Amino acid sequence: MIKVKNLHKTFEDLHVLDGIDEHITPGEVVVVIGPSGSGKSTFLRCLNLLETATEGEIYVDDELITAPKVDVNRVRQKMGMVFQQFNLFPHLTIMENITLAPVLLKKMTKEEAVKRGQELLERVNLAEKADAYPAQLSGGQKQRVAIARALAMDPEIMLFDEPTSALDPEMVGEVLDVMKDLARSGMTMVIVTHEMGFAREVASRVLFIDQGVIMESGTPEEVFGNPQNERTKNFLSKVL
Amino acid sequence: MAEWAANFSDLFYKCFIREDRYKLLLSGIGVTIKVSLLAVIIGIMIGMLIAMCNLSRKKILRFVGGVYTDVIRGTPSVTQLMIIYFVIFASVQLDKWIIAAIAFGINSGAYVSEIIRAGILSIDKGQTEAGRSLGLSAFQTMSRIVIPQAVKNIFPALCNEFIVLIKETAIVGYVGLMDIQKAGDFIKSATFIAFMPLIGTAVIYYVLIKILTLLLGRIEARLRKADAR
């Protein structure tokens, strides 16, 4: 579903990604872990072209999306993204947040989008908040709306960029629950997170990235139970 | 005291009532308002265009925007007005006031573009990223997500620019338009009295701008209220 070949990303002198090769298959839940500054967020952002790769190729459904003439907007519609800072649109109601893109991009009529929005809000347990504004919601509620908003475009892949890092501890659970539910439904997911317990429970595969390269890749049991790489061991000993 | 009052009313009569001179000022107010309103509209349109140029990823557009702002800010508005009137529109048949409004609009556009640019940059980058990540185009993201939020930040500065612009139009006499300033000046020459027509001119400008400030303040309060939710 997603194939990454020799991905490099440099910011001026900084080599953030230093040759990433990765293959993500449909239905996989890939959790990306690693120290801060390791390049894991940049890797995720390259996948939906929020960052332009300096070198290398990314294929989504066998289409080369790093090609210069590719229709970026169409590619992004296949991939939902959830941000650390939620990035809800504060001038729109929750329902408008969810329906804006599907209606504007003519995927649905207004009525269909609202109906779908209602279903999605029920799915994230926020049906009663449809007419509220983002400022009236708690952090955990905002992030659940953000997930619903991304799902409204019926993406094939969901990308999560540290979705719980900006949350108060007591709200982390409610967001992770929604994500677990999504994983069980068969959604292909790539998740950058520091929640090791979650990674262990939900991931079908764990990637450990450090200094812009994938140091280790395997099932949670392999990576957490029996890490091969010295740096992985070091990192895990600090966070577990 | 009575003497002073008599003197005052005499001056008032000579300057504003005799030969229906107040009519000059009234039509002057009309000219000032006409020119300012059209100039503001042109200024906002040009300002948006130049702001987009300055924020563009294309180097050539940024260059064009930069040169525009630089040239307009680096030359006096009287000079710009006269160049536009006597050189650029020399052989074009258009009402004087429209040409003047175009000149002030071109001038104002440079300042408005900076106001709009700053307003757009004040919106968090995450908003743009969220819009684009949903598959919206750059234009859709700008028009549906960024600009509606930026308007609240831009509005007060834009009001200020509008007020500056109204006062700036007091130089349209240079191209033969009879606005408030020119009308006051004309009365001064005709009556050989300086005090009354000039103070009158100042009072008229002051009242106009006061009314406008109050109006715009109300609109701003409304915008803020919508923000409080």
# chains A, B, ... in the order shown; residues from 1 in each chain; ligands from 1
>>> residues_around(residues="Phe16 of chain B", least_positions_apart="2", cutoff="10 Å", atoms="only C-alpha atoms", output="short mmCIF file (atom, residue, chain, number, x, y, z; two decimals) with all heavy atoms, in the first residue's frame")
data_model
loop_
_atom_site.label_atom_id
_atom_site.label_comp_id
_atom_site.auth_asym_id
_atom_site.auth_seq_id
_atom_site.Cartn_x
_atom_site.Cartn_y
_atom_site.Cartn_z
N LEU B 11 -17.70 86.82 10.64
CA LEU B 11 -16.76 86.00 9.88
C LEU B 11 -17.46 84.77 9.30
O LEU B 11 -17.26 84.40 8.15
CB LEU B 11 -15.61 85.53 10.79
CG LEU B 11 -14.48 86.51 11.07
CD1 LEU B 11 -13.46 85.87 12.01
CD2 LEU B 11 -13.80 86.94 9.79
N PHE B 12 -18.27 84.16 10.14
CA PHE B 12 -19.00 82.96 9.74
C PHE B 12 -19.87 83.27 8.53
O PHE B 12 -19.88 82.54 7.54
CB PHE B 12 -19.85 82.47 10.91
CG PHE B 12 -20.42 81.09 10.69
CD1 PHE B 12 -19.71 79.96 11.09
CD2 PHE B 12 -21.66 80.91 10.07
CE1 PHE B 12 -20.22 78.70 10.89
CE2 PHE B 12 -22.16 79.64 9.86
CZ PHE B 12 -21.44 78.53 10.27
N TYR B 13 -20.56 84.41 8.62
CA TYR B 13 -21.45 84.81 7.52
C TYR B 13 -20.65 85.01 6.24
O TYR B 13 -20.98 84.48 5.19
CB TYR B 13 -22.19 86.09 7.90
CG TYR B 13 -23.04 86.62 6.77
CD1 TYR B 13 -24.28 86.05 6.46
CD2 TYR B 13 -22.58 87.67 5.97
CE1 TYR B 13 -25.04 86.51 5.40
CE2 TYR B 13 -23.33 88.14 4.91
CZ TYR B 13 -24.56 87.55 4.62
OH TYR B 13 -25.30 88.00 3.57
N LYS B 14 -19.54 85.75 6.36
CA LYS B 14 -18.73 86.05 5.17
C LYS B 14 -18.17 84.79 4.52
O LYS B 14 -18.07 84.69 3.30
CB LYS B 14 -17.57 86.97 5.56
CG LYS B 14 -17.97 88.43 5.68
CD LYS B 14 -16.74 89.26 6.00
CE LYS B 14 -17.13 90.72 6.20
NZ LYS B 14 -16.16 91.39 7.10
N ARG B 18 -22.43 83.87 2.77
CA ARG B 18 -22.46 84.79 1.64
C ARG B 18 -22.07 84.05 0.36
O ARG B 18 -21.18 83.21 0.36
CB ARG B 18 -21.50 85.97 1.87
CG ARG B 18 -21.90 87.16 1.00
CD ARG B 18 -21.33 88.44 1.51
NE ARG B 18 -19.89 88.46 1.40
CZ ARG B 18 -19.13 89.41 1.94
NH1 ARG B 18 -19.69 90.39 2.65
NH2 ARG B 18 -17.83 89.39 1.81
N GLU B 19 -22.76 84.37 -0.69
CA GLU B 19 -22.55 83.72 -2.01
C GLU B 19 -22.67 82.20 -1.92
O GLU B 19 -22.02 81.48 -2.67
CB GLU B 19 -21.18 84.12 -2.58
CG GLU B 19 -21.12 85.61 -2.91
CD GLU B 19 -19.72 86.04 -3.39
OE1 GLU B 19 -19.02 85.16 -3.95
OE2 GLU B 19 -19.36 87.19 -3.20
N ASP B 20 -23.48 81.75 -0.94
CA ASP B 20 -23.72 80.30 -0.79
C ASP B 20 -22.45 79.48 -0.70
O ASP B 20 -22.34 78.39 -1.26
CB ASP B 20 -24.57 79.77 -1.97
CG ASP B 20 -26.03 80.13 -1.78
OD1 ASP B 20 -26.38 80.55 -0.65
OD2 ASP B 20 -26.79 79.99 -2.74
N ARG B 21 -21.47 79.99 0.03
CA ARG B 21 -20.17 79.30 0.05
C ARG B 21 -20.22 77.93 0.72
O ARG B 21 -19.40 77.07 0.46
CB ARG B 21 -19.13 80.18 0.75
CG ARG B 21 -18.77 81.39 -0.10
CD ARG B 21 -17.48 82.02 0.32
NE ARG B 21 -17.14 83.04 -0.66
CZ ARG B 21 -17.21 84.35 -0.43
NH1 ARG B 21 -17.55 84.82 0.73
NH2 ARG B 21 -16.91 85.21 -1.39
N TYR B 22 -21.20 77.75 1.60
CA TYR B 22 -21.31 76.45 2.26
C TYR B 22 -21.55 75.33 1.24
O TYR B 22 -21.19 74.18 1.45
CB TYR B 22 -22.43 76.46 3.32
CG TYR B 22 -23.82 76.61 2.74
CD1 TYR B 22 -24.58 75.48 2.45
CD2 TYR B 22 -24.36 77.87 2.48
CE1 TYR B 22 -25.84 75.59 1.91
CE2 TYR B 22 -25.61 77.99 1.95
CZ TYR B 22 -26.36 76.87 1.65
OH TYR B 22 -27.61 76.99 1.11
N LYS B 23 -22.14 75.73 0.10
CA LYS B 23 -22.40 74.71 -0.92
C LYS B 23 -21.09 74.13 -1.47
O LYS B 23 -21.02 72.94 -1.82
CB LYS B 23 -23.22 75.31 -2.07
CG LYS B 23 -24.68 75.47 -1.70
CD LYS B 23 -25.51 75.92 -2.87
CE LYS B 23 -26.97 76.05 -2.48
NZ LYS B 23 -27.71 76.88 -3.44
N LEU B 24 -20.07 75.01 -1.53
CA LEU B 24 -18.76 74.54 -1.96
C LEU B 24 -18.25 73.43 -1.02
O LEU B 24 -17.76 72.39 -1.46
CB LEU B 24 -17.75 75.69 -1.88
CG LEU B 24 -17.64 76.63 -3.07
CD1 LEU B 24 -16.63 77.72 -2.75
CD2 LEU B 24 -17.22 75.87 -4.31
N LEU B 25 -18.41 73.71 0.26
CA LEU B 25 -17.93 72.74 1.25
C LEU B 25 -18.73 71.44 1.19
O LEU B 25 -18.19 70.35 1.28
CB LEU B 25 -18.01 73.34 2.66
CG LEU B 25 -16.89 74.34 2.97
CD1 LEU B 25 -17.19 75.13 4.23
CD2 LEU B 25 -15.55 73.63 3.10
N GLY B 184 -12.15 74.81 1.28
CA GLY B 184 -11.74 75.72 2.35
C GLY B 184 -10.70 76.71 1.85
O GLY B 184 -10.75 77.91 2.14
N ILE B 187 -12.26 79.36 -0.34
CA ILE B 187 -12.95 80.39 0.44
C ILE B 187 -11.94 81.35 1.06
O ILE B 187 -12.13 82.56 1.08
CB ILE B 187 -13.82 79.73 1.55
CG1 ILE B 187 -14.96 78.93 0.88
CG2 ILE B 187 -14.39 80.77 2.50
CD1 ILE B 187 -15.73 78.06 1.85
N MET B 196 -11.37 81.32 9.68
CA MET B 196 -12.66 80.63 9.63
C MET B 196 -12.68 79.46 8.63
O MET B 196 -13.06 78.34 9.00
CB MET B 196 -13.77 81.64 9.33
CG MET B 196 -15.17 81.15 9.56
SD MET B 196 -15.46 80.46 11.21
CE MET B 196 -15.80 81.91 12.15
N PRO B 197 -12.27 79.65 7.38
CA PRO B 197 -12.33 78.52 6.44
C PRO B 197 -11.40 77.36 6.82
O PRO B 197 -11.79 76.20 6.65
CB PRO B 197 -11.90 79.12 5.09
CG PRO B 197 -11.56 80.52 5.33
CD PRO B 197 -11.85 80.90 6.73
N GLY B 200 -12.83 75.64 9.83
CA GLY B 200 -14.02 74.93 9.33
C GLY B 200 -13.64 73.63 8.64
O GLY B 200 -14.25 72.58 8.87
#
>>> closest_atom_pairs(of="chain A", to="chain B", cutoff="6 Å", atoms="only C-alpha atoms", output="tab-separated table")
residue	atom	partner	partner_atom	distance
A:Asn73	CA	B:Gly135	CA	4.4
A:Arg76	CA	B:Gly135	CA	4.9
A:Gln77	CA	B:Gly135	CA	4.8
A:Asn87	CA	B:Gln127	CA	5.6
>>> residues_around(residues="Thr169 of chain B", least_positions_apart="4", cutoff="8 Å", atoms="only C-alpha atoms", output="list in words")
Thr32, Val35, Ser36, Phe104 and Leu165 of chain B
>>> closest_residue(among="B:Cys15, B:Arg224, B:Leu38, B:Ile102", to="Ile199 of chain B", atoms="only C-alpha atoms")
B:Cys15
>>> residues_around(residues="segment 169-180 of chain A", least_positions_apart="2", cutoff="10 Å", atoms="only C-alpha atoms", output="ChimeraX atom specification")
/A:29,123-125,138-145,147-148,158,160,163-167,182-185,187,189,191,195,198,201-203
>>> write_last_selection(atoms="C-alpha atoms", output="PDB file, in the first residue's frame")
ATOM      1  CA  VAL A  29      -0.929  -0.801  12.248  1.00  0.00           C
ATOM      2  CA  ARG A 123     -18.315   6.586  16.793  1.00  0.00           C
ATOM      3  CA  VAL A 124     -16.007   8.884  18.787  1.00  0.00           C
ATOM      4  CA  ASN A 125     -18.706   9.390  21.455  1.00  0.00           C
ATOM      5  CA  SER A 138     -11.444  19.534  26.165  1.00  0.00           C
ATOM      6  CA  GLY A 139      -8.197  18.394  24.578  1.00  0.00           C
ATOM      7  CA  GLY A 140      -9.271  14.780  24.404  1.00  0.00           C
ATOM      8  CA  GLN A 141     -12.575  15.732  22.814  1.00  0.00           C
ATOM      9  CA  LYS A 142     -10.785  17.939  20.278  1.00  0.00           C
ATOM     10  CA  GLN A 143      -8.508  15.118  19.265  1.00  0.00           C
ATOM     11  CA  ARG A 144     -11.445  12.746  18.844  1.00  0.00           C
ATOM     12  CA  VAL A 145     -13.126  15.321  16.607  1.00  0.00           C
ATOM     13  CA  ILE A 147      -9.967  11.871  14.083  1.00  0.00           C
ATOM     14  CA  ALA A 148     -13.596  12.049  12.949  1.00  0.00           C
ATOM     15  CA  MET A 158      -4.627   7.153   8.729  1.00  0.00           C
ATOM     16  CA  PHE A 160      -1.151  10.003  13.532  1.00  0.00           C
ATOM     17  CA  PRO A 163      -1.824  12.312  18.834  1.00  0.00           C
ATOM     18  CA  THR A 164      -1.688  12.163  22.636  1.00  0.00           C
ATOM     19  CA  SER A 165       1.429  14.226  23.361  1.00  0.00           C
ATOM     20  CA  ALA A 166      -0.439  17.490  23.907  1.00  0.00           C
ATOM     21  CA  LEU A 167      -3.099  15.938  26.137  1.00  0.00           C
ATOM     22  CA  LEU A 182     -10.140   2.062  14.440  1.00  0.00           C
ATOM     23  CA  ALA A 183      -7.288  -0.444  14.335  1.00  0.00           C
ATOM     24  CA  ARG A 184      -9.684  -3.299  15.045  1.00  0.00           C
ATOM     25  CA  SER A 185     -11.888  -2.170  12.154  1.00  0.00           C
ATOM     26  CA  MET A 187      -7.819   0.584   9.032  1.00  0.00           C
ATOM     27  CA  MET A 189      -2.521   3.161  10.339  1.00  0.00           C
ATOM     28  CA  ILE A 191       1.263   6.150  14.322  1.00  0.00           C
ATOM     29  CA  GLU A 195       2.757   5.575  24.318  1.00  0.00           C
ATOM     30  CA  PHE A 198      -0.412   1.346  23.351  1.00  0.00           C
ATOM     31  CA  GLU A 201      -1.125  -3.641  22.534  1.00  0.00           C
ATOM     32  CA  VAL A 202      -2.194  -2.374  19.127  1.00  0.00           C
ATOM     33  CA  ALA A 203       0.760  -2.411  16.780  1.00  0.00           C
TER      34      ALA A 203
END
>>> closest_atom_pairs(of="segment 82-193 of chain B", to="segment 46-67 of chain B", cutoff="12 Å", atoms="only C-alpha atoms", output="tab-separated table")
residue	atom	partner	partner_atom	distance
B:Ile102	CA	B:Ile46	CA	10.5
B:Ala103	CA	B:Ile46	CA	11.6
B:Phe104	CA	B:Ile46	CA	11.1
B:Gly105	CA	B:Ile46	CA	7.6
B:Ile106	CA	B:Ile46	CA	7.0
B:Asn107	CA	B:Ile46	CA	9.4
B:Ser108	CA	B:Gly47	CA	7.6
B:Gly109	CA	B:Gly47	CA	4.2
B:Ala110	CA	B:Gly47	CA	6.0
B:Tyr111	CA	B:Gly47	CA	7.2
B:Val112	CA	B:Gly47	CA	4.8
B:Ser113	CA	B:Gly47	CA	3.9
B:Glu114	CA	B:Ala51	CA	6.6
B:Ile115	CA	B:Gly47	CA	8.4
B:Ile116	CA	B:Ala51	CA	6.3
B:Arg117	CA	B:Ala51	CA	5.2
B:Ala118	CA	B:Ala51	CA	9.0
B:Gly119	CA	B:Ala51	CA	10.1
B:Ile120	CA	B:Ala51	CA	9.0
B:Leu121	CA	B:Leu55	CA	8.9
B:Ala138	CA	B:Ser56	CA	10.7
B:Phe139	CA	B:Met52	CA	10.4
B:Met142	CA	B:Met52	CA	10.1
B:Ser143	CA	B:Met48	CA	11.7
B:Ile147	CA	B:Met48	CA	10.6
B:Val151	CA	B:Met48	CA	11.9
B:Ile154	CA	B:Met48	CA	11.7
B:Leu158	CA	B:Gly47	CA	10.6
B:Glu161	CA	B:Gly47	CA	11.5
>>> write_last_selection(atoms="N, CA, C and O atoms", output="CSV table (one decimal), in the first residue's frame")
chain,number,residue,atom,x,y,z
B,102,ILE,N,-8.3,56.0,-8.2
B,102,ILE,CA,-7.3,54.9,-8.6
B,102,ILE,C,-5.9,55.2,-8.0
B,102,ILE,O,-5.3,54.3,-7.5
B,103,ALA,N,-5.5,56.4,-8.1
B,103,ALA,CA,-4.2,56.8,-7.6
B,103,ALA,C,-4.1,56.5,-6.1
B,103,ALA,O,-3.1,55.8,-5.6
B,104,PHE,N,-5.1,56.9,-5.3
B,104,PHE,CA,-5.1,56.6,-3.9
B,104,PHE,C,-5.2,55.1,-3.6
B,104,PHE,O,-4.6,54.6,-2.6
B,105,GLY,N,-6.0,54.4,-4.4
B,105,GLY,CA,-6.1,53.0,-4.3
B,105,GLY,C,-4.8,52.2,-4.5
B,105,GLY,O,-4.4,51.3,-3.7
B,106,ILE,N,-4.1,52.7,-5.5
B,106,ILE,CA,-2.8,52.1,-5.8
B,106,ILE,C,-1.8,52.3,-4.6
B,106,ILE,O,-1.1,51.4,-4.2
B,107,ASN,N,-1.9,53.5,-4.1
B,107,ASN,CA,-1.1,53.9,-2.9
B,107,ASN,C,-1.4,53.0,-1.7
B,107,ASN,O,-0.6,52.4,-1.1
B,108,SER,N,-2.7,53.0,-1.4
B,108,SER,CA,-3.2,52.3,-0.2
B,108,SER,C,-2.9,50.8,-0.3
B,108,SER,O,-2.6,50.2,0.7
B,109,GLY,N,-3.0,50.3,-1.6
B,109,GLY,CA,-2.8,48.9,-1.8
B,109,GLY,C,-1.5,48.4,-1.2
B,109,GLY,O,-1.4,47.3,-0.6
B,110,ALA,N,-0.5,49.2,-1.3
B,110,ALA,CA,0.8,48.8,-0.8
B,110,ALA,C,0.8,48.6,0.7
B,110,ALA,O,1.3,47.6,1.3
B,111,TYR,N,0.1,49.5,1.4
B,111,TYR,CA,0.0,49.4,2.9
B,111,TYR,C,-0.9,48.3,3.3
B,111,TYR,O,-0.7,47.6,4.2
B,112,VAL,N,-2.1,48.2,2.6
B,112,VAL,CA,-3.0,47.2,2.9
B,112,VAL,C,-2.4,45.8,2.7
B,112,VAL,O,-2.6,44.9,3.5
B,113,SER,N,-1.6,45.6,1.7
B,113,SER,CA,-0.9,44.3,1.4
B,113,SER,C,-0.1,43.9,2.6
B,113,SER,O,-0.1,42.7,3.0
B,114,GLU,N,0.6,44.8,3.2
B,114,GLU,CA,1.4,44.5,4.4
B,114,GLU,C,0.5,44.1,5.6
B,114,GLU,O,0.8,43.2,6.4
B,115,ILE,N,-0.6,44.8,5.7
B,115,ILE,CA,-1.6,44.5,6.8
B,115,ILE,C,-2.1,43.1,6.6
B,115,ILE,O,-2.2,42.3,7.6
B,116,ILE,N,-2.5,42.8,5.4
B,116,ILE,CA,-3.1,41.5,5.1
B,116,ILE,C,-2.1,40.4,5.3
B,116,ILE,O,-2.3,39.3,5.9
B,117,ARG,N,-0.9,40.6,4.8
B,117,ARG,CA,0.2,39.7,4.9
B,117,ARG,C,0.5,39.3,6.4
B,117,ARG,O,0.5,38.1,6.8
B,118,ALA,N,0.5,40.4,7.2
B,118,ALA,CA,0.8,40.1,8.6
B,118,ALA,C,-0.4,39.3,9.3
B,118,ALA,O,-0.2,38.5,10.1
B,119,GLY,N,-1.6,39.7,8.8
B,119,GLY,CA,-2.8,39.0,9.4
B,119,GLY,C,-2.8,37.5,9.0
B,119,GLY,O,-3.1,36.7,9.9
B,120,ILE,N,-2.4,37.2,7.8
B,120,ILE,CA,-2.4,35.8,7.4
B,120,ILE,C,-1.3,35.1,8.1
B,120,ILE,O,-1.5,33.9,8.5
B,121,LEU,N,-0.1,35.7,8.2
B,121,LEU,CA,1.0,35.0,8.9
B,121,LEU,C,0.7,34.8,10.4
B,121,LEU,O,1.3,34.0,11.0
B,138,ALA,N,-4.5,24.8,-2.1
B,138,ALA,CA,-4.0,26.0,-1.3
B,138,ALA,C,-5.0,27.1,-1.3
B,138,ALA,O,-5.2,27.8,-0.3
B,139,PHE,N,-5.7,27.3,-2.4
B,139,PHE,CA,-6.7,28.4,-2.5
B,139,PHE,C,-7.9,28.1,-1.6
B,139,PHE,O,-8.3,29.0,-0.9
B,142,MET,N,-6.8,28.7,2.0
B,142,MET,CA,-6.7,30.1,2.2
B,142,MET,C,-8.1,30.7,2.4
B,142,MET,O,-8.3,31.4,3.4
B,143,SER,N,-9.0,30.5,1.4
B,143,SER,CA,-10.3,31.2,1.4
B,143,SER,C,-11.3,30.7,2.5
B,143,SER,O,-12.1,31.4,3.0
B,147,ILE,N,-8.2,32.9,5.8
B,147,ILE,CA,-8.7,34.2,5.7
B,147,ILE,C,-9.9,34.5,6.7
B,147,ILE,O,-9.8,35.6,7.3
B,151,VAL,N,-9.3,37.7,9.2
B,151,VAL,CA,-10.1,39.0,9.1
B,151,VAL,C,-10.1,39.7,10.5
B,151,VAL,O,-10.0,40.9,10.5
B,154,ILE,N,-7.0,41.4,11.1
B,154,ILE,CA,-6.7,42.5,10.1
B,154,ILE,C,-7.5,43.7,10.3
B,154,ILE,O,-7.1,44.8,10.0
B,158,LEU,N,-6.9,47.7,9.3
B,158,LEU,CA,-7.5,48.2,8.0
B,158,LEU,C,-8.3,49.4,8.3
B,158,LEU,O,-8.3,50.3,7.4
B,161,GLU,N,-6.0,52.3,8.4
B,161,GLU,CA,-5.5,52.6,7.0
B,161,GLU,C,-6.6,53.4,6.3
B,161,GLU,O,-6.3,54.4,5.6
>>> select_by_dssp(residues="segment 121-217 of chain A", states="strand (DSSP E or B)", output="list in words")
Ile157, Met158, Leu159, Phe160, Asp161, Thr188, Met189, Val190, Ile191, Val192, Arg205, Val206, Leu207, Phe208, Ile209, Asp210, Val213, Ile214, Met215, Glu216 and Ser217 of chain A
>>> write_last_selection(atoms="N, CA, C and O atoms", output="PDB file, in the first residue's frame")
ATOM      1  N   ILE A 157      -5.719   5.281   4.487  1.00  0.00           N
ATOM      2  CA  ILE A 157      -4.651   5.213   5.484  1.00  0.00           C
ATOM      3  C   ILE A 157      -4.849   6.358   6.468  1.00  0.00           C
ATOM      4  O   ILE A 157      -5.247   7.456   6.068  1.00  0.00           O
ATOM      5  N   MET A 158      -4.591   6.073   7.746  1.00  0.00           N
ATOM      6  CA  MET A 158      -4.627   7.153   8.729  1.00  0.00           C
ATOM      7  C   MET A 158      -3.230   7.356   9.304  1.00  0.00           C
ATOM      8  O   MET A 158      -2.577   6.390   9.724  1.00  0.00           O
ATOM      9  N   LEU A 159      -2.804   8.623   9.315  1.00  0.00           N
ATOM     10  CA  LEU A 159      -1.498   8.954   9.873  1.00  0.00           C
ATOM     11  C   LEU A 159      -1.715   9.716  11.178  1.00  0.00           C
ATOM     12  O   LEU A 159      -2.516  10.642  11.229  1.00  0.00           O
ATOM     13  N   PHE A 160      -1.019   9.328  12.231  1.00  0.00           N
ATOM     14  CA  PHE A 160      -1.151  10.003  13.532  1.00  0.00           C
ATOM     15  C   PHE A 160       0.206  10.533  13.956  1.00  0.00           C
ATOM     16  O   PHE A 160       1.149   9.756  14.123  1.00  0.00           O
ATOM     17  N   ASP A 161       0.292  11.840  14.138  1.00  0.00           N
ATOM     18  CA  ASP A 161       1.558  12.450  14.545  1.00  0.00           C
ATOM     19  C   ASP A 161       1.493  12.813  16.034  1.00  0.00           C
ATOM     20  O   ASP A 161       0.987  13.866  16.388  1.00  0.00           O
ATOM     21  N   THR A 188      -5.698   0.838   7.912  1.00  0.00           N
ATOM     22  CA  THR A 188      -4.240   0.905   7.849  1.00  0.00           C
ATOM     23  C   THR A 188      -3.798   2.163   8.579  1.00  0.00           C
ATOM     24  O   THR A 188      -4.296   3.246   8.290  1.00  0.00           O
ATOM     25  N   MET A 189      -2.897   2.005   9.534  1.00  0.00           N
ATOM     26  CA  MET A 189      -2.521   3.161  10.339  1.00  0.00           C
ATOM     27  C   MET A 189      -1.011   3.259  10.503  1.00  0.00           C
ATOM     28  O   MET A 189      -0.337   2.237  10.662  1.00  0.00           O
ATOM     29  N   VAL A 190      -0.520   4.484  10.477  1.00  0.00           N
ATOM     30  CA  VAL A 190       0.874   4.732  10.837  1.00  0.00           C
ATOM     31  C   VAL A 190       0.844   5.739  11.982  1.00  0.00           C
ATOM     32  O   VAL A 190       0.267   6.817  11.848  1.00  0.00           O
ATOM     33  N   ILE A 191       1.413   5.349  13.105  1.00  0.00           N
ATOM     34  CA  ILE A 191       1.263   6.150  14.322  1.00  0.00           C
ATOM     35  C   ILE A 191       2.625   6.465  14.915  1.00  0.00           C
ATOM     36  O   ILE A 191       3.404   5.565  15.235  1.00  0.00           O
ATOM     37  N   VAL A 192       2.909   7.753  15.035  1.00  0.00           N
ATOM     38  CA  VAL A 192       4.100   8.174  15.768  1.00  0.00           C
ATOM     39  C   VAL A 192       3.658   8.463  17.196  1.00  0.00           C
ATOM     40  O   VAL A 192       2.733   9.245  17.404  1.00  0.00           O
ATOM     41  N   ARG A 205       3.171  -3.904  13.876  1.00  0.00           N
ATOM     42  CA  ARG A 205       4.615  -3.810  13.673  1.00  0.00           C
ATOM     43  C   ARG A 205       5.105  -2.526  14.349  1.00  0.00           C
ATOM     44  O   ARG A 205       4.403  -1.517  14.366  1.00  0.00           O
ATOM     45  N   VAL A 206       6.303  -2.594  14.899  1.00  0.00           N
ATOM     46  CA  VAL A 206       6.906  -1.421  15.537  1.00  0.00           C
ATOM     47  C   VAL A 206       8.173  -1.056  14.776  1.00  0.00           C
ATOM     48  O   VAL A 206       8.972  -1.935  14.435  1.00  0.00           O
ATOM     49  N   LEU A 207       8.298   0.235  14.467  1.00  0.00           N
ATOM     50  CA  LEU A 207       9.544   0.714  13.854  1.00  0.00           C
ATOM     51  C   LEU A 207      10.279   1.556  14.876  1.00  0.00           C
ATOM     52  O   LEU A 207       9.684   2.436  15.499  1.00  0.00           O
ATOM     53  N   PHE A 208      11.557   1.302  15.048  1.00  0.00           N
ATOM     54  CA  PHE A 208      12.362   2.182  15.886  1.00  0.00           C
ATOM     55  C   PHE A 208      13.245   3.017  14.972  1.00  0.00           C
ATOM     56  O   PHE A 208      14.071   2.486  14.229  1.00  0.00           O
ATOM     57  N   ILE A 209      13.029   4.333  14.999  1.00  0.00           N
ATOM     58  CA  ILE A 209      13.822   5.232  14.152  1.00  0.00           C
ATOM     59  C   ILE A 209      14.766   6.030  15.033  1.00  0.00           C
ATOM     60  O   ILE A 209      14.367   6.538  16.079  1.00  0.00           O
ATOM     61  N   ASP A 210      16.008   6.118  14.621  1.00  0.00           N
ATOM     62  CA  ASP A 210      16.952   6.996  15.304  1.00  0.00           C
ATOM     63  C   ASP A 210      17.915   7.562  14.271  1.00  0.00           C
ATOM     64  O   ASP A 210      18.324   6.867  13.346  1.00  0.00           O
ATOM     65  N   VAL A 213      17.301   6.916  10.458  1.00  0.00           N
ATOM     66  CA  VAL A 213      17.231   5.600   9.827  1.00  0.00           C
ATOM     67  C   VAL A 213      16.387   4.659  10.688  1.00  0.00           C
ATOM     68  O   VAL A 213      16.266   4.853  11.889  1.00  0.00           O
ATOM     69  N   ILE A 214      15.805   3.653  10.017  1.00  0.00           N
ATOM     70  CA  ILE A 214      15.051   2.654  10.761  1.00  0.00           C
ATOM     71  C   ILE A 214      16.062   1.674  11.349  1.00  0.00           C
ATOM     72  O   ILE A 214      16.708   0.922  10.636  1.00  0.00           O
ATOM     73  N   MET A 215      16.175   1.723  12.671  1.00  0.00           N
ATOM     74  CA  MET A 215      17.179   0.885  13.328  1.00  0.00           C
ATOM     75  C   MET A 215      16.641  -0.527  13.536  1.00  0.00           C
ATOM     76  O   MET A 215      17.384  -1.495  13.526  1.00  0.00           O
ATOM     77  N   GLU A 216      15.332  -0.600  13.753  1.00  0.00           N
ATOM     78  CA  GLU A 216      14.769  -1.903  14.054  1.00  0.00           C
ATOM     79  C   GLU A 216      13.300  -1.940  13.645  1.00  0.00           C
ATOM     80  O   GLU A 216      12.591  -0.954  13.781  1.00  0.00           O
ATOM     81  N   SER A 217      12.870  -3.067  13.140  1.00  0.00           N
ATOM     82  CA  SER A 217      11.483  -3.220  12.726  1.00  0.00           C
ATOM     83  C   SER A 217      11.025  -4.629  13.056  1.00  0.00           C
ATOM     84  O   SER A 217      11.738  -5.584  12.767  1.00  0.00           O
TER      85      SER A 217
END
>>> residues_around(residues="Ala132 of chain A", least_positions_apart="3", cutoff="6 Å", atoms="only C-alpha atoms", output="short mmCIF file (atom, residue, chain, number, x, y, z; two decimals) with all heavy atoms, in the first residue's frame")
data_model
loop_
_atom_site.label_atom_id
_atom_site.label_comp_id
_atom_site.auth_asym_id
_atom_site.auth_seq_id
_atom_site.Cartn_x
_atom_site.Cartn_y
_atom_site.Cartn_z
N THR A 93 -18.07 25.20 13.54
CA THR A 93 -18.58 24.27 14.55
C THR A 93 -17.94 22.90 14.31
O THR A 93 -17.32 22.66 13.27
CB THR A 93 -20.11 24.11 14.44
OG1 THR A 93 -20.40 23.50 13.18
CG2 THR A 93 -20.83 25.44 14.55
N ILE A 94 -18.15 22.01 15.28
CA ILE A 94 -17.61 20.65 15.15
C ILE A 94 -18.12 20.00 13.87
O ILE A 94 -17.36 19.43 13.09
CB ILE A 94 -18.01 19.82 16.39
CG1 ILE A 94 -17.43 20.46 17.66
CG2 ILE A 94 -17.58 18.38 16.23
CD1 ILE A 94 -15.97 20.77 17.62
N LYS A 129 -21.96 17.03 20.59
CA LYS A 129 -21.13 18.23 20.44
C LYS A 129 -21.17 18.82 19.02
O LYS A 129 -20.41 19.73 18.72
CB LYS A 129 -19.67 17.90 20.78
CG LYS A 129 -19.45 17.50 22.22
CD LYS A 129 -19.61 18.69 23.14
CE LYS A 129 -19.25 18.33 24.57
NZ LYS A 129 -19.63 19.39 25.51
#
